[in-house]
$ cat coords.pdb   # PDB, C-alpha atoms
ATOM      1  CA  MET A   1       5.164   4.973 -11.686
ATOM      2  CA  LYS A   2       7.043   7.920 -10.243
ATOM      3  CA  ARG A   3      10.517   7.302  -8.860
ATOM      4  CA  PHE A   4      11.959   9.714  -6.322
ATOM      5  CA  ILE A   5      15.740   9.816  -5.905
ATOM      6  CA  PHE A   6      17.184  11.661  -2.933
ATOM      7  CA  ALA A   7      20.696  12.960  -2.582
ATOM      8  CA  LEU A   8      22.044  13.171   0.957
ATOM      9  CA  SER A   9      20.498  16.384   2.255
ATOM     10  CA  LEU A  10      21.222  18.694   5.126
ATOM     11  CA  LEU A  11      18.111  17.668   7.067
ATOM     12  CA  LEU A  12      20.121  16.397   9.999
ATOM     13  CA  SER A  13      18.423  18.147  12.899
ATOM     14  CA  CYS A  14      16.682  16.209  15.624
ATOM     15  CA  PRO A  15      12.884  16.099  15.187
ATOM     16  CA  LEU A  16      12.436  17.607  18.648
ATOM     17  CA  ALA A  17      14.010  20.860  17.503
ATOM     18  CA  ALA A  18      10.788  21.945  15.787
ATOM     19  CA  HIS A  19       7.829  23.380  17.678
ATOM     20  CA  ALA A  20       4.939  20.923  17.796
ATOM     21  CA  ASP A  21       1.320  21.942  17.345
ATOM     22  CA  THR A  22       0.153  18.340  17.458
ATOM     23  CA  GLY A  23      -1.667  16.751  20.377
ATOM     24  CA  VAL A  24      -1.602  13.102  21.366
ATOM     25  CA  THR A  25      -4.008  11.007  23.410
ATOM     26  CA  VAL A  26      -3.289   7.377  24.311
ATOM     27  CA  VAL A  27      -6.026   5.207  25.831
ATOM     28  CA  ASN A  28      -7.021   1.573  26.180
ATOM     29  CA  ILE A  29     -10.322   0.587  24.598
ATOM     30  CA  PRO A  30     -12.257  -2.700  24.867
ATOM     31  CA  ALA A  31     -11.705  -5.041  21.917
ATOM     32  CA  ALA A  32     -14.237  -7.853  22.252
ATOM     33  CA  HIS A  33     -12.891  -9.723  19.218
ATOM     34  CA  HIS A  34      -9.617 -10.140  21.134
ATOM     35  CA  GLY A  35     -11.193 -10.664  24.543
ATOM     36  CA  ARG A  36      -9.071  -7.875  26.028
ATOM     37  CA  ASP A  37      -8.289  -4.186  25.786
ATOM     38  CA  MET A  38      -6.367  -2.611  22.928
ATOM     39  CA  GLU A  39      -4.088   0.432  23.120
ATOM     40  CA  MET A  40      -5.056   3.298  20.826
ATOM     41  CA  GLY A  41      -3.216   6.524  20.046
ATOM     42  CA  VAL A  42      -4.740   9.610  18.425
ATOM     43  CA  MET A  43      -2.736  12.562  17.058
ATOM     44  CA  PHE A  44      -4.495  15.755  16.056
ATOM     45  CA  PRO A  45      -4.084  19.487  15.398
ATOM     46  CA  SER A  46      -4.061  20.913  18.905
ATOM     47  CA  ASP A  47      -4.082  23.817  21.296
ATOM     48  CA  GLY A  48      -2.254  23.789  24.630
ATOM     49  CA  GLY A  49      -0.814  20.830  26.473
ATOM     50  CA  SER A  50       2.657  19.833  27.643
ATOM     51  CA  GLU A  51       5.374  18.876  25.173
ATOM     52  CA  ILE A  52       6.720  15.317  25.277
ATOM     53  CA  ALA A  53       9.077  13.252  23.128
ATOM     54  CA  PHE A  54       6.610  10.652  21.881
ATOM     55  CA  GLY A  55       8.193   7.294  21.051
ATOM     56  CA  GLU A  56      11.642   8.215  22.386
ATOM     57  CA  ASN A  57      13.875   5.257  23.300
ATOM     58  CA  PRO A  58      17.608   4.422  23.284
ATOM     59  CA  VAL A  59      17.513   3.541  19.567
ATOM     60  CA  PHE A  60      15.077   6.062  18.066
ATOM     61  CA  TYR A  61      14.404   9.752  18.471
ATOM     62  CA  GLY A  62      10.889  10.654  19.513
ATOM     63  CA  VAL A  63       8.667  13.299  17.967
ATOM     64  CA  ALA A  64       7.610  16.474  19.743
ATOM     65  CA  VAL A  65       3.885  16.453  20.495
ATOM     66  CA  HIS A  66       1.634  17.722  23.280
ATOM     67  CA  GLU A  67      -0.204  15.590  25.807
ATOM     68  CA  ASP A  68      -3.226  16.886  27.717
ATOM     69  CA  ALA A  69      -4.037  19.024  24.678
ATOM     70  CA  LYS A  70      -7.400  19.845  23.123
ATOM     71  CA  ALA A  71      -8.254  19.516  19.447
ATOM     72  CA  LYS A  72      -7.973  22.799  17.600
ATOM     73  CA  ALA A  73     -11.283  24.248  16.421
ATOM     74  CA  GLY A  74     -12.383  22.926  13.045
ATOM     75  CA  ARG A  75     -13.318  19.725  11.226
ATOM     76  CA  TYR A  76     -10.616  17.431   9.910
ATOM     77  CA  PRO A  77     -10.321  14.258   7.870
ATOM     78  CA  ALA A  78      -9.535  11.109   9.866
ATOM     79  CA  ILE A  79      -6.769   8.695   8.903
ATOM     80  CA  LEU A  80      -6.530   5.155  10.260
ATOM     81  CA  LEU A  81      -2.888   4.083  10.627
ATOM     82  CA  SER A  82      -1.625   0.499  10.979
ATOM     83  CA  HIS A  83       1.881  -0.516  12.093
ATOM     84  CA  GLY A  84       3.918  -3.429  10.757
ATOM     85  CA  TRP A  85       4.641  -6.975  11.967
ATOM     86  CA  GLY A  86       5.876  -6.733  15.554
ATOM     87  CA  GLY A  87       5.775  -2.936  15.369
ATOM     88  CA  ASN A  88       3.814  -0.333  17.294
ATOM     89  CA  PHE A  89       2.154   3.023  16.746
ATOM     90  CA  ARG A  90       4.866   4.890  18.644
ATOM     91  CA  ARG A  91       7.417   3.843  16.049
ATOM     92  CA  MET A  92       5.165   5.375  13.384
ATOM     93  CA  GLY A  93       4.824   8.595  15.374
ATOM     94  CA  TRP A  94       6.690  10.554  12.706
ATOM     95  CA  LEU A  95       3.915   9.694  10.237
ATOM     96  CA  SER A  96       1.062  10.415  12.642
ATOM     97  CA  LYS A  97       2.571  13.778  13.511
ATOM     98  CA  GLY A  98       3.350  14.629   9.899
ATOM     99  CA  LEU A  99      -0.225  13.962   8.818
ATOM    100  CA  ALA A 100      -1.661  15.805  11.823
ATOM    101  CA  GLU A 101       0.446  18.811  10.837
ATOM    102  CA  LYS A 102      -1.177  18.563   7.409
ATOM    103  CA  GLY A 103      -4.582  18.887   9.056
ATOM    104  CA  ALA A 104      -5.746  15.353   9.872
ATOM    105  CA  ILE A 105      -6.784  13.407  12.945
ATOM    106  CA  VAL A 106      -4.733  10.205  12.917
ATOM    107  CA  ILE A 107      -6.054   7.123  14.698
ATOM    108  CA  ALA A 108      -3.630   4.259  15.351
ATOM    109  CA  VAL A 109      -3.633   1.131  17.496
ATOM    110  CA  ASN A 110      -1.158  -1.408  18.781
ATOM    111  CA  HIS A 111      -2.648  -4.470  17.129
ATOM    112  CA  PRO A 112      -3.075  -7.220  19.755
ATOM    113  CA  ASN A 113      -1.107 -10.385  18.928
ATOM    114  CA  SER A 114       1.086  -8.707  16.284
ATOM    115  CA  THR A 115       2.626  -5.742  18.110
ATOM    116  CA  THR A 116       5.908  -5.170  19.948
ATOM    117  CA  GLY A 117       6.199  -7.564  22.886
ATOM    118  CA  ASP A 118       2.960  -9.284  21.892
ATOM    119  CA  LEU A 119       3.612 -11.435  18.821
ATOM    120  CA  LYS A 120       1.523 -14.599  19.116
ATOM    121  CA  LYS A 121       2.266 -17.757  17.140
ATOM    122  CA  THR A 122      -1.391 -18.743  17.160
ATOM    123  CA  SER A 123      -2.826 -15.458  15.910
ATOM    124  CA  ALA A 124      -0.160 -13.050  14.615
ATOM    125  CA  MET A 125      -1.101 -13.885  11.025
ATOM    126  CA  ASN A 126      -4.858 -13.536  11.563
ATOM    127  CA  HIS A 127      -4.728 -10.454   9.372
ATOM    128  CA  TRP A 128      -8.492  -9.850   9.488
ATOM    129  CA  THR A 129      -8.385  -8.933  13.175
ATOM    130  CA  ARG A 130      -6.195  -5.942  12.304
ATOM    131  CA  ALA A 131      -8.835  -4.451  10.024
ATOM    132  CA  GLN A 132     -11.361  -5.067  12.784
ATOM    133  CA  ASP A 133      -9.043  -3.281  15.227
ATOM    134  CA  LEU A 134      -9.043  -0.084  13.198
ATOM    135  CA  SER A 135     -12.760  -0.152  12.433
ATOM    136  CA  LEU A 136     -13.347  -0.480  16.179
ATOM    137  CA  ALA A 137     -10.939   2.367  16.929
ATOM    138  CA  LEU A 138     -12.782   4.580  14.460
ATOM    139  CA  ASP A 139     -16.100   3.699  16.101
ATOM    140  CA  HIS A 140     -14.660   4.695  19.463
ATOM    141  CA  VAL A 141     -13.234   8.031  18.317
ATOM    142  CA  LEU A 142     -16.445   8.982  16.515
ATOM    143  CA  LYS A 143     -18.267   8.605  19.850
ATOM    144  CA  ASP A 144     -15.632  10.466  21.870
ATOM    145  CA  PRO A 145     -16.808  14.014  22.746
ATOM    146  CA  ALA A 146     -13.205  15.211  22.477
ATOM    147  CA  PHE A 147     -13.050  14.327  18.779
ATOM    148  CA  ALA A 148     -16.491  13.552  17.348
ATOM    149  CA  ALA A 149     -17.343  17.133  16.375
ATOM    150  CA  HIS A 150     -13.903  17.613  14.798
ATOM    151  CA  ILE A 151     -14.045  14.725  12.300
ATOM    152  CA  ASP A 152     -15.306  15.140   8.751
ATOM    153  CA  THR A 153     -16.920  11.729   8.287
ATOM    154  CA  SER A 154     -16.969  12.164   4.517
ATOM    155  CA  ARG A 155     -13.156  12.092   4.532
ATOM    156  CA  ILE A 156     -11.950   8.954   6.283
ATOM    157  CA  TYR A 157      -8.834   7.238   4.945
ATOM    158  CA  ALA A 158      -6.495   4.341   5.754
ATOM    159  CA  THR A 159      -2.745   3.963   5.559
ATOM    160  CA  GLY A 160      -0.159   1.589   6.964
ATOM    161  CA  PHE A 161       3.366   0.249   6.732
ATOM    162  CA  SER A 162       4.368  -3.323   5.837
ATOM    163  CA  TYR A 163       1.816  -5.667   7.476
ATOM    164  CA  GLY A 164      -0.035  -2.443   8.213
ATOM    165  CA  GLY A 165       0.015  -1.622   4.512
ATOM    166  CA  TRP A 166      -1.897  -4.838   3.975
ATOM    167  CA  THR A 167      -4.313  -3.804   6.721
ATOM    168  CA  ALA A 168      -5.010  -0.520   4.939
ATOM    169  CA  LEU A 169      -5.673  -2.380   1.677
ATOM    170  CA  SER A 170      -7.901  -4.858   3.508
ATOM    171  CA  LEU A 171      -9.972  -1.990   4.891
ATOM    172  CA  ALA A 172     -10.250  -0.737   1.305
ATOM    173  CA  GLY A 173     -11.573  -4.092   0.046
ATOM    174  CA  LEU A 174      -8.602  -6.350  -0.791
ATOM    175  CA  LYS A 175      -8.973 -10.049   0.058
ATOM    176  CA  GLY A 176      -6.177 -12.353   1.238
ATOM    177  CA  ARG A 177      -5.138 -15.738  -0.128
ATOM    178  CA  ALA A 178      -3.436 -18.079   2.340
ATOM    179  CA  GLU A 179      -2.510 -20.707  -0.239
ATOM    180  CA  GLY A 180      -0.888 -18.075  -2.431
ATOM    181  CA  TYR A 181       1.261 -16.667   0.338
ATOM    182  CA  GLY A 182       2.047 -20.167   1.564
ATOM    183  CA  ALA A 183       3.300 -21.078  -1.915
ATOM    184  CA  TYR A 184       5.488 -17.973  -1.929
ATOM    185  CA  CYS A 185       7.049 -18.903   1.408
ATOM    186  CA  LYS A 186       7.609 -22.483   0.271
ATOM    187  CA  ALA A 187       9.458 -21.245  -2.809
ATOM    188  CA  ALA A 188      11.318 -18.378  -1.139
ATOM    189  CA  GLY A 189      12.374 -20.170   2.034
ATOM    190  CA  ASP A 190      14.912 -18.194   4.040
ATOM    191  CA  GLY A 191      15.336 -15.870   1.051
ATOM    192  CA  SER A 192      12.339 -13.992   2.437
ATOM    193  CA  THR A 193      12.917 -12.496   5.870
ATOM    194  CA  HIS A 194       9.209 -12.698   6.669
ATOM    195  CA  CYS A 195       8.929 -16.339   5.607
ATOM    196  CA  ARG A 196      12.048 -17.086   7.652
ATOM    197  CA  ASP A 197      10.482 -15.408  10.686
ATOM    198  CA  LEU A 198       7.267 -17.402  10.227
ATOM    199  CA  LYS A 199       9.304 -20.603  10.034
ATOM    200  CA  LYS A 200      11.189 -19.727  13.231
ATOM    201  CA  MET A 201       7.876 -19.137  14.995
ATOM    202  CA  GLY A 202       6.465 -22.410  13.714
ATOM    203  CA  ILE A 203       3.727 -20.693  11.693
ATOM    204  CA  ASP A 204       2.551 -22.667   8.661
ATOM    205  CA  ILE A 205       0.378 -20.490   6.429
ATOM    206  CA  SER A 206      -0.842 -23.545   4.528
ATOM    207  CA  LYS A 207      -2.705 -24.552   7.708
ATOM    208  CA  ALA A 208      -4.346 -21.154   8.166
ATOM    209  CA  ASP A 209      -8.105 -20.643   8.154
ATOM    210  CA  ALA A 210      -8.537 -20.170   4.398
ATOM    211  CA  GLN A 211     -12.106 -18.906   4.719
ATOM    212  CA  LYS A 212     -11.151 -16.129   7.112
ATOM    213  CA  TRP A 213      -8.011 -15.323   5.136
ATOM    214  CA  HIS A 214     -10.130 -14.905   2.016
ATOM    215  CA  GLY A 215     -12.878 -12.926   3.732
ATOM    216  CA  ILE A 216     -13.928  -9.354   3.040
ATOM    217  CA  TYR A 217     -13.079  -6.863   5.800
ATOM    218  CA  LYS A 218     -13.833  -3.669   3.924
ATOM    219  CA  ASP A 219     -14.946  -0.662   5.947
ATOM    220  CA  ASN A 220     -17.257   1.348   3.711
ATOM    221  CA  ARG A 221     -16.373   4.537   5.560
ATOM    222  CA  ILE A 222     -12.902   4.444   3.999
ATOM    223  CA  LYS A 223     -12.635   6.680   0.918
ATOM    224  CA  ALA A 224      -9.005   6.064  -0.129
ATOM    225  CA  ALA A 225      -5.927   4.134   1.011
ATOM    226  CA  VAL A 226      -2.136   4.307   0.908
ATOM    227  CA  ALA A 227       0.032   1.235   1.523
ATOM    228  CA  ILE A 228       3.723   1.729   2.312
ATOM    229  CA  ASP A 229       5.707  -1.371   1.281
ATOM    230  CA  PRO A 230       2.667  -3.618   1.920
ATOM    231  CA  ALA A 231       3.049  -7.244   2.988
ATOM    232  CA  LEU A 232       1.066 -10.357   1.947
ATOM    233  CA  THR A 233       0.591  -9.357  -1.721
ATOM    234  CA  TRP A 234       2.260 -12.515  -3.058
ATOM    235  CA  GLY A 235       0.027 -15.185  -4.586
ATOM    236  CA  LEU A 236      -3.098 -13.070  -5.010
ATOM    237  CA  SER A 237      -5.566 -13.486  -7.872
ATOM    238  CA  ALA A 238      -7.745 -11.154  -9.934
ATOM    239  CA  ASP A 239     -10.703 -12.136  -7.757
ATOM    240  CA  ASP A 240      -8.940 -10.826  -4.665
ATOM    241  CA  VAL A 241      -8.724  -7.261  -5.980
ATOM    242  CA  LYS A 242     -12.318  -6.976  -7.246
ATOM    243  CA  GLY A 243     -13.495  -5.232  -4.096
ATOM    244  CA  LEU A 244     -10.601  -2.777  -4.155
ATOM    245  CA  ASP A 245     -12.526   0.030  -5.845
ATOM    246  CA  LEU A 246     -11.114   3.066  -4.025
ATOM    247  CA  PRO A 247      -8.233   5.387  -4.966
ATOM    248  CA  VAL A 248      -5.123   3.484  -3.851
ATOM    249  CA  MET A 249      -1.480   4.513  -3.705
ATOM    250  CA  LEU A 250       1.410   2.071  -3.268
ATOM    251  CA  ILE A 251       4.692   3.488  -1.942
ATOM    252  CA  GLY A 252       7.705   1.234  -2.500
ATOM    253  CA  LEU A 253      10.978   1.657  -0.625
ATOM    254  CA  GLY A 254      14.299   0.885  -2.300
ATOM    255  CA  GLU A 255      15.262  -1.035  -5.400
ATOM    256  CA  GLY A 256      17.304  -4.100  -6.341
ATOM    257  CA  LYS A 257      19.033  -5.711  -3.381
ATOM    258  CA  ASP A 258      17.697  -2.965  -1.131
ATOM    259  CA  ARG A 259      14.047  -3.884  -1.829
ATOM    260  CA  LEU A 260      12.572  -6.321   0.694
ATOM    261  CA  SER A 261      11.239  -9.363  -1.162
ATOM    262  CA  ALA A 262       8.173  -9.866   1.033
ATOM    263  CA  THR A 263       6.948  -6.320   0.380
ATOM    264  CA  ASP A 264       8.051  -5.868  -3.235
ATOM    265  CA  THR A 265       4.897  -5.228  -5.277
ATOM    266  CA  SER A 266       6.733  -4.686  -8.572
ATOM    267  CA  ALA A 267       7.219  -7.111 -11.471
ATOM    268  CA  ALA A 268      10.413  -8.259  -9.745
ATOM    269  CA  GLY A 269       8.363  -9.175  -6.678
ATOM    270  CA  SER A 270       4.726 -10.147  -6.178
ATOM    271  CA  ASN A 271       3.632  -8.256  -9.322
ATOM    272  CA  PHE A 272       0.678  -6.873  -7.387
ATOM    273  CA  GLU A 273       1.053  -3.632  -9.325
ATOM    274  CA  ALA A 274       0.105  -5.459 -12.539
ATOM    275  CA  LEU A 275      -2.756  -7.258 -10.795
ATOM    276  CA  PHE A 276      -4.149  -3.917  -9.661
ATOM    277  CA  PRO A 277      -3.122  -1.411 -12.356
ATOM    278  CA  ALA A 278      -5.509   1.251 -11.032
ATOM    279  CA  ALA A 279      -3.126   1.898  -8.134
ATOM    280  CA  LYS A 280      -0.913   4.955  -8.230
ATOM    281  CA  VAL A 281       2.631   3.680  -7.673
ATOM    282  CA  GLU A 282       5.492   5.681  -6.164
ATOM    283  CA  GLN A 283       9.035   4.468  -5.462
ATOM    284  CA  ILE A 284      11.581   6.113  -3.184
ATOM    285  CA  VAL A 285      15.337   5.486  -3.520
ATOM    286  CA  PRO A 286      17.777   5.187  -1.914
ATOM    287  CA  ALA A 287      15.913   3.553   0.922
ATOM    288  CA  THR A 288      15.090   0.179   2.339
ATOM    289  CA  HIS A 289      12.040  -1.228   4.089
ATOM    290  CA  PHE A 290      13.066  -0.153   7.578
ATOM    291  CA  THR A 291      13.848   3.414   6.537
ATOM    292  CA  ALA A 292      10.162   4.012   7.282
ATOM    293  CA  LEU A 293      10.687   3.446  11.002
ATOM    294  CA  GLY A 294      11.926   6.978  11.562
ATOM    295  CA  LEU A 295      15.160   8.604  12.653
ATOM    296  CA  CYS A 296      17.664   6.515  14.620
ATOM    297  CA  LYS A 297      20.031   7.925  17.213
ATOM    298  CA  PRO A 298      23.790   7.729  16.502
ATOM    299  CA  GLN A 299      24.158   4.702  18.797
ATOM    300  CA  GLY A 300      21.019   2.978  17.498
ATOM    301  CA  ALA A 301      22.661   0.602  15.033
ATOM    302  CA  ALA A 302      25.264  -0.506  17.598
ATOM    303  CA  ILE A 303      22.580  -1.213  20.210
ATOM    304  CA  LEU A 304      20.626  -3.348  17.746
ATOM    305  CA  GLU A 305      23.759  -5.244  16.726
ATOM    306  CA  GLU A 306      24.646  -5.935  20.356
ATOM    307  CA  GLU A 307      21.125  -7.211  20.998
ATOM    308  CA  LYS A 308      21.249  -9.309  17.799
ATOM    309  CA  ASP A 309      18.130  -7.523  16.588
ATOM    310  CA  ASP A 310      17.206  -6.687  12.989
ATOM    311  CA  PRO A 311      19.428  -3.930  11.514
ATOM    312  CA  VAL A 312      16.546  -1.474  11.217
ATOM    313  CA  CYS A 313      18.853   1.545  11.532
ATOM    314  CA  THR A 314      21.051   0.509   8.593
ATOM    315  CA  ASP A 315      20.215   2.165   5.274
ATOM    316  CA  PRO A 316      21.730   2.035   1.775
ATOM    317  CA  PRO A 317      24.505   4.580   1.118
ATOM    318  CA  GLY A 318      23.152   8.065   0.546
ATOM    319  CA  THR A 319      19.851   7.497   2.334
ATOM    320  CA  ASP A 320      18.451  10.446   4.281
ATOM    321  CA  ARG A 321      15.664   9.243   6.577
ATOM    322  CA  ASN A 322      14.419  12.757   7.160
ATOM    323  CA  ALA A 323      13.992  13.289   3.426
ATOM    324  CA  VAL A 324      12.407   9.868   2.864
ATOM    325  CA  THR A 325       9.900  10.165   5.689
ATOM    326  CA  ALA A 326       9.032  13.731   4.691
ATOM    327  CA  LYS A 327       8.372  12.530   1.142
ATOM    328  CA  ILE A 328       6.115   9.746   2.426
ATOM    329  CA  VAL A 329       4.103  12.279   4.429
ATOM    330  CA  ASP A 330       3.786  14.527   1.378
ATOM    331  CA  LEU A 331       2.695  11.676  -0.909
ATOM    332  CA  ILE A 332       0.021  10.497   1.515
ATOM    333  CA  ALA A 333      -1.177  14.051   2.127
ATOM    334  CA  GLN A 334      -1.497  14.647  -1.623
ATOM    335  CA  HIS A 335      -3.381  11.380  -2.158
ATOM    336  CA  PHE A 336      -5.831  12.203   0.621
ATOM    337  CA  GLY A 337      -6.193  15.841  -0.418
ATOM    338  CA  LEU A 338      -4.737  17.319   2.765
ATOM    339  CA  LYS A 339      -3.301  20.813   2.887
TER     340      LYS A 339
END
$ encode --input "coords.pdb" --output "structure tokens"
Amino acid sequence: MKRFIFALSLLLSCPLAAHADTGVTVVNIPAAHHGRDMEMGVMFPSDGGSEIAFGENPVFYGVAVHEDAKAKAGRYPAILLSHGWGGNFRRMGWLSKGLAEKGAIVIAVNHPNSTTGDLKKTSAMNHWTRAQDLSLALDHVLKDPAFAAHIDTSRIYATGFSYGGWTALSLAGLKGRAEGYGAYCKAAGDGSTHCRDLKKMGIDISKADAQKWHGIYKDNRIKAAVAIDPALTWGLSADDVKGLDLPVMLIGLGEGKDRLSATDTSAAGSNFEALFPAAKVEQIVPATHFTALGLCKPQGAAILEEEKDDPVCTDPPGTDRNAVTAKIVDLIAQHFGLK
């Protein structure tokens, strides 16, 4: 395992200060398995268009990209990107843009039932629908005249953060185990923020559809995967990783008290790293789970505190989000063989 330690750097400029050569297209596509449309965002190396601050809000800076742009001439690998529990693809815009700048077309969705403003008690933990979401999004983009000729179909990859990290691993062949995660939550109680959230929502994993949880949702078009602080790895067995036969990288954020229990894959956590020793493991410190949500504005932490929201803008001392997110982009780009 490689461990990256960052000193506080001078990378303090706003992301919008840099010129963007990345295009963005956001559309709604039919998702029959949800019985409704699903929002999809695609970032890509581009020509032309009008610059916007994608994902800008009172708490977070946006990233500079171009709407109404055309894909730059050439063929590029495609990367499927999955957001975390209650998250959205705009919050992961820094990653989409970073990978597009490395020469990839990045396809992301707002997963119905587990995205911002749409977190359903009855289906938020139906993890298999998330893999289906991204397979469907890939199908759509491969048929889109704006992108089809620009995608190298021999180089399709998956990545994701938190719950989205699980989704990427699921697309690569990992199976879930409801009873295992249920046992973890029973033992951890409120000591796990995710288990606490499930309890507040009245979600009992022990009553989940075990057959669907333990199903195979592998997309054979995927050639490699990277999971950033992946969720749901507690309570898995050797049988669950048998189908995970692709090059996999695990990126862990933080250590000790700064490591989120629910997404800790080390021996101090779920021990998923020992269960799947073929994975390449990287650890970034100082950082915490939410460091991967991008750069907060100066007033961001105060706004979240006033709204009694999770402290997603609060990092361990010495953390530089610009340096951490740049390192994540570089690690993923290296694993996928981008420029």
$ residues_around --input "coords.pdb" --residues "Trp128 (chain A)" --least-positions-apart "6" --cutoff "8 Å" --atoms "all atoms listed in the file" --output "list in words"
Thr167, Ser170, Lys212, Trp213, Gly215 and Tyr217 of chain A
$ resolve_selection --input "coords.pdb" --expression "the PyMOL selection byres ((chain A and resi 44) around 6)" --output "MDAnalysis selection string"
chainID A and resid 22:23 43 45:46 100 105
$ closest_atom_pairs --input "coords.pdb" --of "region 92-208 of chain A" --to "region 27-31 of chain A" --cutoff "9 Å" --atoms "only C-alpha atoms" --output "tab-separated table"
residue	atom	partner	partner_atom	distance
A:Asp133	CA	A:Ala31	CA	7.4
A:Leu136	CA	A:Ala31	CA	7.5
A:Ala137	CA	A:Ile29	CA	7.9
A:His140	CA	A:Ile29	CA	7.9
$ closest_residue --input "coords.pdb" --among "A:Ala302, A:Ile107, A:Ala69, A:Leu119" --to "Asp197 (chain A)" --atoms "all atoms listed in the file"
A:Leu119
$ closest_residue --input "coords.pdb" --among "A:Ala78, A:Gly103, A:Leu304, A:His33" --to "Asp21 (chain A)" --atoms "all atoms listed in the file"
A:Gly103
$ residues_around --input "coords.pdb" --residues "Gly160 (chain A)" --least-positions-apart "3" --cutoff "10 Å" --atoms "only C-alpha atoms" --output "ChimeraX atom specification"
/A:79-84,92,95,108,163-169,225-230
$ write_last_selection --input "coords.pdb" --atoms "C-alpha atoms" --output "JSON list (two decimals), keeping the file's coordinate frame"
[["chain", "number", "residue", "atom", "x", "y", "z"],
["A", 79, "ILE", "CA", -6.77, 8.70, 8.90],
["A", 80, "LEU", "CA", -6.53, 5.16, 10.26],
["A", 81, "LEU", "CA", -2.89, 4.08, 10.63],
["A", 82, "SER", "CA", -1.62, 0.50, 10.98],
["A", 83, "HIS", "CA", 1.88, -0.52, 12.09],
["A", 84, "GLY", "CA", 3.92, -3.43, 10.76],
["A", 92, "MET", "CA", 5.16, 5.38, 13.38],
["A", 95, "LEU", "CA", 3.92, 9.69, 10.24],
["A", 108, "ALA", "CA", -3.63, 4.26, 15.35],
["A", 163, "TYR", "CA", 1.82, -5.67, 7.48],
["A", 164, "GLY", "CA", -0.04, -2.44, 8.21],
["A", 165, "GLY", "CA", 0.02, -1.62, 4.51],
["A", 166, "TRP", "CA", -1.90, -4.84, 3.98],
["A", 167, "THR", "CA", -4.31, -3.80, 6.72],
["A", 168, "ALA", "CA", -5.01, -0.52, 4.94],
["A", 169, "LEU", "CA", -5.67, -2.38, 1.68],
["A", 225, "ALA", "CA", -5.93, 4.13, 1.01],
["A", 226, "VAL", "CA", -2.14, 4.31, 0.91],
["A", 227, "ALA", "CA", 0.03, 1.24, 1.52],
["A", 228, "ILE", "CA", 3.72, 1.73, 2.31],
["A", 229, "ASP", "CA", 5.71, -1.37, 1.28],
["A", 230, "PRO", "CA", 2.67, -3.62, 1.92]]
$ resolve_selection --input "coords.pdb" --expression "the PyMOL selection byres ((chain A and resi 233-237) around 8)" --output "JSON, numbers by chain"
{"A": [166, 176, 177, 179, 180, 181, 183, 184, 230, 231, 232, 238, 239, 240, 241, 262, 263, 265, 269, 270, 271, 272, 275]}
$ closest_residue --input "coords.pdb" --among "A:Thr116, A:Gln132, A:Ser123, A:Thr319" --to "Ala287 (chain A)" --atoms "all atoms listed in the file"
A:Thr319
$ atom_distance --input "coords.pdb" --atom1 "CA of Arg3 (chain A)" --atom2 "CA of Gly294 (chain A)"
20.5 Å
$ resolve_selection --input "coords.pdb" --expression "the PyMOL selection byres ((chain A and resi 53-62) around 7)" --output "NGL selection string"
:A and (52 or 63-65 or 90-91 or 93 or 295-297 or 299-300 or 303)
$ atom_distance --input "coords.pdb" --atom1 "CA of Met38 (chain A)" --atom2 "CA of Ile151 (chain A)"
21.7 Å
$ atom_distance --input "coords.pdb" --atom1 "CA of Ile216 (chain A)" --atom2 "CA of Lys175 (chain A)"
5.8 Å
$ closest_residue --input "coords.pdb" --among "A:Ala208, A:Asp219, A:Glu101, A:Gly74" --to "Ser135 (chain A)" --atoms "all atoms listed in the file"
A:Asp219
